[in-house]
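Some notes on the structure that comes next.
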Amino acid sequence: MDLTSLSTPWGQPRFTSRRGKITQRSMVDENVEWEVPQVVDAVTPGNPRYSEKARLAKTMQMDGSTWGDASADPTKLAHANNKMSCFACHSSWTTSCFGCHLSMKANQRKPNLHNEGGLSRNWTSYNFQTLRDDIYFLAKDGTVSGNRVSPARSACAVIVSSQNQNREWLYSQQQTTSAGGFSGTSFSTYVPHTVRAKETRGCTECHVARAGDNNAWMASLLMQGTGMMNFIGRYAYVGEEHHGFEAVAVTERDEPQAVIGSKLHELAYPVEFKAHQAAGARLKEAYHHGGDVRSLQLRGEYLFAAGGGGLRIYDVAQVDQKGFSERIVSAPVSPLGQRLYVKTKDATSVALPTNTTVDAQREVLPQNQEQKVHPLYDYAFVTDRTEGLVVVGPLHTLMNGNPSDNFIKRMATFNPDGVLTGATSAAIAGTSGFVTTPRGLVVLDLEDPVKPRVIGQLAAPLREPHAVAIQFRYAFVLDSEGLKVVDVTVPDKPRVVEGSKVPFAHAHGLYVARTYAYVAAGPDGLAIVDIKSPEKPRLDQTFNAGGAINDAHDVKLGATNGSIFAYVADGKNGLRVIDAISANETPGAYGFSPRPTPKLVATYATHGPAIALSRGVDRDRAVDEHGNQIGVFGRRGARPLNGEEQRRMYLRDGKLFTVTDAPPGKAVGGAATDNRGAGGAAASGGRDERR
C-alpha cells in the first residue's frame with residue numbers, strides 16, 4: 001500500500017521524506033508530527049537508534065548461530081517477515097480469557113440486546129471469570145494474514161447452562177464442541193495492541209533457555225497447557241474406592257460462582273460465608289453413587305471411572321438438576337441402546353488424551369481450512385495390574401446426540417511379554433503414553449491408538465513408580481522414594497535426571513501446575529515442589545493446616561475467578577479445599593507462577609476414604625505435545641504450531657537446542673538496504689506501535 005498519497009484533513013501530506021527521515025503528521029492535531037523510526041536504523045551499527053538486540057533478532061539465521069548480516073537471503077532467516085508477524089516479538093503482553101459462563105434462564109423478561117426491538121422471555125447472562133495477562137502464546141495466523149507466526153490468546157473458554165421455567169437446570173456448566181470436532185475452549189491469533197520498541201520478547205521466551213529454567217513457560221508458549229487455569233466448576237468429583245464416588249458442591253450456584261470459604265465468598269456472599277464458618281467450614285451438598293472407584297475423570301456430561309471391575313462411564317449431565325431424584329446414573333436408557341462399561345480384571349486408572357469435549361469422527365469442512373482431530377481422541381486408556389493397558393472406545397458416540405448407540409467396547413489389550421503387568425497409572429502426552437509399573441516407566445507410541453507400540457523403557461533408579469505427570473520436556477514421576485524427574489525430550493530415549501530426587505516417605509498423588517509440582521504426601525499433607533528448573537527440583541513448602549491434613553492421597557488444581565484452588569483427597573478426612581493462590585492475599589497473584597500461600601477454606605466428609613480426584617478442564621491447552629490440535633481457532637486457516645514447527649523451536653538434528661539472551665558469537669558483516677524515500681513509509685506502516 002503506497003502511503004505517500006494520503007493526506008491529513010488540513011491538506012498536508014500524511015507522510016513526507018526529508019533528508020532520509022520519514023515524518024508522519026497527525027490526523028487529529030494539525031500541529032503534531034513525529035519521526036517514524038525505520039527498521040534499518042535499528043540494525044545499523046553507529047546509528048543513534050541502533051539496538052544489538054534488534055539486530056540479533058532480525059538477522060538471526062536458521063542455523064541458530066549466524067547473525068548480523070542484514071543483507072542475508074530472507075529464506076535463511078529464522079524470523080523472516082514472511083514467516084513471522086512483527087508483533088510476535090514486539091508485543092510486550094497479551095490478555096486471555098480463561099473462562100466465560102453463559103447462563104440462560106427462562107421466564108426472565110428482558111429487552112432484546114440488539115436493534116431488533118421487542119422483549120425476550122429468556123435471558124442469557126455473560127459472566128467472564130478468569131482474565132489474565134500472565135501468558136504468551138504463539139500460533140499460526142489466519143490465511144488472510146499469510147499464516148505467519150503470531151501471538152494468540154484464549155478467546156472464549158465458554159461453558160453453558162440452561163434453566164427452564166421451573167428453575168430446573170437442564171444442563172449445567174457444559175462445554176461446547178465445534179462443527180469440526182474441536183473443543184469449544186477456543187483460541188485465536190490476534191494483534192495485542194501492546195507493541196513496544198524496548199519491551200520485546202527475548203530469545204529465552206520462545207526457545208529453551210540454556211539455564212534450564214523456562215520449561216513451564218515453553219509449555220505455555222506452545223499452547224500445550226500448564227495445569228494452572230483448569231476449571232473444576234461447581235462440583236469436584238471424588239473417588240472413594242469401594243465406597244464409589246461423590247460430586248461435592250464446592251462453589252455457590254449463582255454468579256459469581258465463588259468457592260465456598262474463599263475471600264470472594266466472604267465479599268460476595270457474606271451471609272452464606274458466615275454460616276459456612278459457623279458450621280466449622282464444612283461443605284454440605286454432595287451427590288453420591290456406589291461402585292469401586294480408584295481413578296476418575298470428568299469429560300463433558302460423562303464421568304469415566306476405573307476400579308476393580310474395570311471401566312464404567314457414568315452419566316452426570318443432571319447432577320445439578322433438582323427435577324431428577326437420581327442425579328448420577330450408570331444407564332439412563334435401556335441396555336438395548338446403551339452399554340457404557342468394559343470389564344477388566346483389576347483396573348487401576350483411566351487416562352484420557354484430553355478432558356475437553358472433542359469429537360474425532362466429525363467431518364472437517366474444507367472451506368474452514370481446519371485440521372482433523374487425531375483418532376487418538378476417540379479412546380480412553382485403562383491401566384490394569386493383570387492385563388496391562390486396555391484401550392476402550394469409541395467415544396464419539398457420546399457426543400452425536402443419539403442415545404441409542406452409546407456402546408463402548410474393548411478395542412485392544414496390550415501387554416507384550418508382560419511389560420505392563422502391574423500397571424498403576426498412565427499419562428497421555430500427544431501420541432506418547434507413559435505408563436508406570438512396579439519395574440519402571442514404559443513409553444508407548446499411540447499414533448495408532450488400537451495398536452500401541454513400546455518405544456522406551458526406564459527402570460533403575462526408578463523404584464516402584466506409581467504416578468506420572470508430563471510438562472513439555474519432562475516427566476515427573478512419584479515412586480517409593482519420592483519425586484524424580486525424567487527427561488523425555490525424545491520420548492523413545494527417556495533419561496532420569498541425575499540428582500533430581502526430592503525424597504518423600506509417603507508420596508501418593510501428583511499434579512503439575514507451571515513451576516510447581518503438588519504432591520499428596522500422605523501423613524505429611526500437601527507438599528509443594530519448585531520445578532522452575534526441572535533438573536534441580538527442590539521442596540518449597542509443606543502444608544497440613546496445622547496437622548488437619550494427614551492422609552493426603554491426591555491433589556488437583558483449578559482456577560475460579562482470580563484465585564487458584566487446590567483440591568486434596570485427604571483419605572479418611574474427606575475432601576479438602578485449599579485457597580492456594582489468592583487474588584487478595586498472595587503476593588504477585590496475577591503473575592505467571594507466584595509462590596503459593598495455601599490456606600484451608602473448606603472440608604467435606606466423604607462416604608469413604610477420599611483417594612482420587614477428577615482433573616479440571618484444561619483451559620490453556622490448544623494442542624498436544626505432538627502438535628495435534630485440540631481447541632478450535634477463531635480465524636480461517638489459523639491453528640497452533642504443528643509437531644514439526646514446535647520441534648524446530650528447540651531441536652537441531654534431533655538434539656536439544658538452547659539459547660541465552662546474549663548473542664551466540666560475533667556478528668557477521670552485511671548492511672541492510674535502506675528503502676526509505678518515495679513510498680518508503682509503506683515499509684514501516686506508521687509510528688512505533690504500528691511498525
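Residue numbers start at 1 in each chain; chains themselves are named A, B, ... in the order of the C-alpha cells; ligands are numbered from 1 in the order shown.
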
| request: Find the residues near Ala460 of chain A: any atom within 12 Å, counting only C-alpha atoms, skip ones fewer than 6 places away on the same chain, and give them as a ChimeraX atom specification. | output: /A:438-441,479,481,484,486,494-498

| task | Please identify all polymer residues within 12 Å of segment 502-507 of chain A, counting only C-alpha atoms, omitting same-chain residues fewer than 2 positions from it, and present them as a ChimeraX atom specification. | result | /A:464-468,476-485,497-500,509-511,517-531,534-540,542,550-555

| If we count only C-alpha atoms, what is near segment 82-87 of chain A at a cut-off of 9 Å, once residues fewer than 4 positions away on the same chain are taken out, given as a list in words? |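 Skipping anything fewer than 4 positions along the chain leaves Pro74, Ala78, Ser91, Ser92, Lys140, Asp141, Ser145, Gly146, Asn147, Arg148, Val149, Ser150, Pro151, Val191, Pro192, His193, Thr194, Val195, Arg196, Thr200, Arg690 and Arg691 of chain A.
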
| task | Counting only C-alpha atoms, figure out which residue out of A:Gln173, A:Gln297, A:Asn47, A:Thr189 gets nearest to Ala612 of chain A. | result |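 Under the stated criterion, the closest residue is A:Gln297.
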
| field | Spatial neighbours of Pro449 of chain A, 8 Å, only C-alpha atoms, chain gap at least 3 places, as a VMD selection string | value | chain A and resid 375 to 376 379 391 446 452

| field | For Gln257 of chain A: contacts at 9 Å, only C-alpha atoms, fewer than 3 positions along chain excluded, given as a count of residues only | value | 11

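Closest approach to Ala589 of chain A from the set A:Ile564, A:Asn628, A:Glu30, A:His607 is made by A:Ile564, with distances taken over only C-alpha atoms.
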
Given only C-alpha atoms, how would the per-residue table for segment 222-252 of chain A near segment 590-599 of chain A read, listing every residue at most 12 Å away with its closest atom pair and distance in Å to one decimal, sorted by chain and number, as a tab-separated table?
residue	atom	partner	partner_atom	distance
A:Thr226	CA	A:Ser593	CA	10.3
A:Gly227	CA	A:Ser593	CA	11.3
A:Met228	CA	A:Ser593	CA	8.7
A:Met229	CA	A:Phe592	CA	10.8

| query | What does the distance between atom CA of Pro256 of chain A and atom CA of Ala155 of chain A come to in Å, to one decimal place? | reply | 19.9 Å
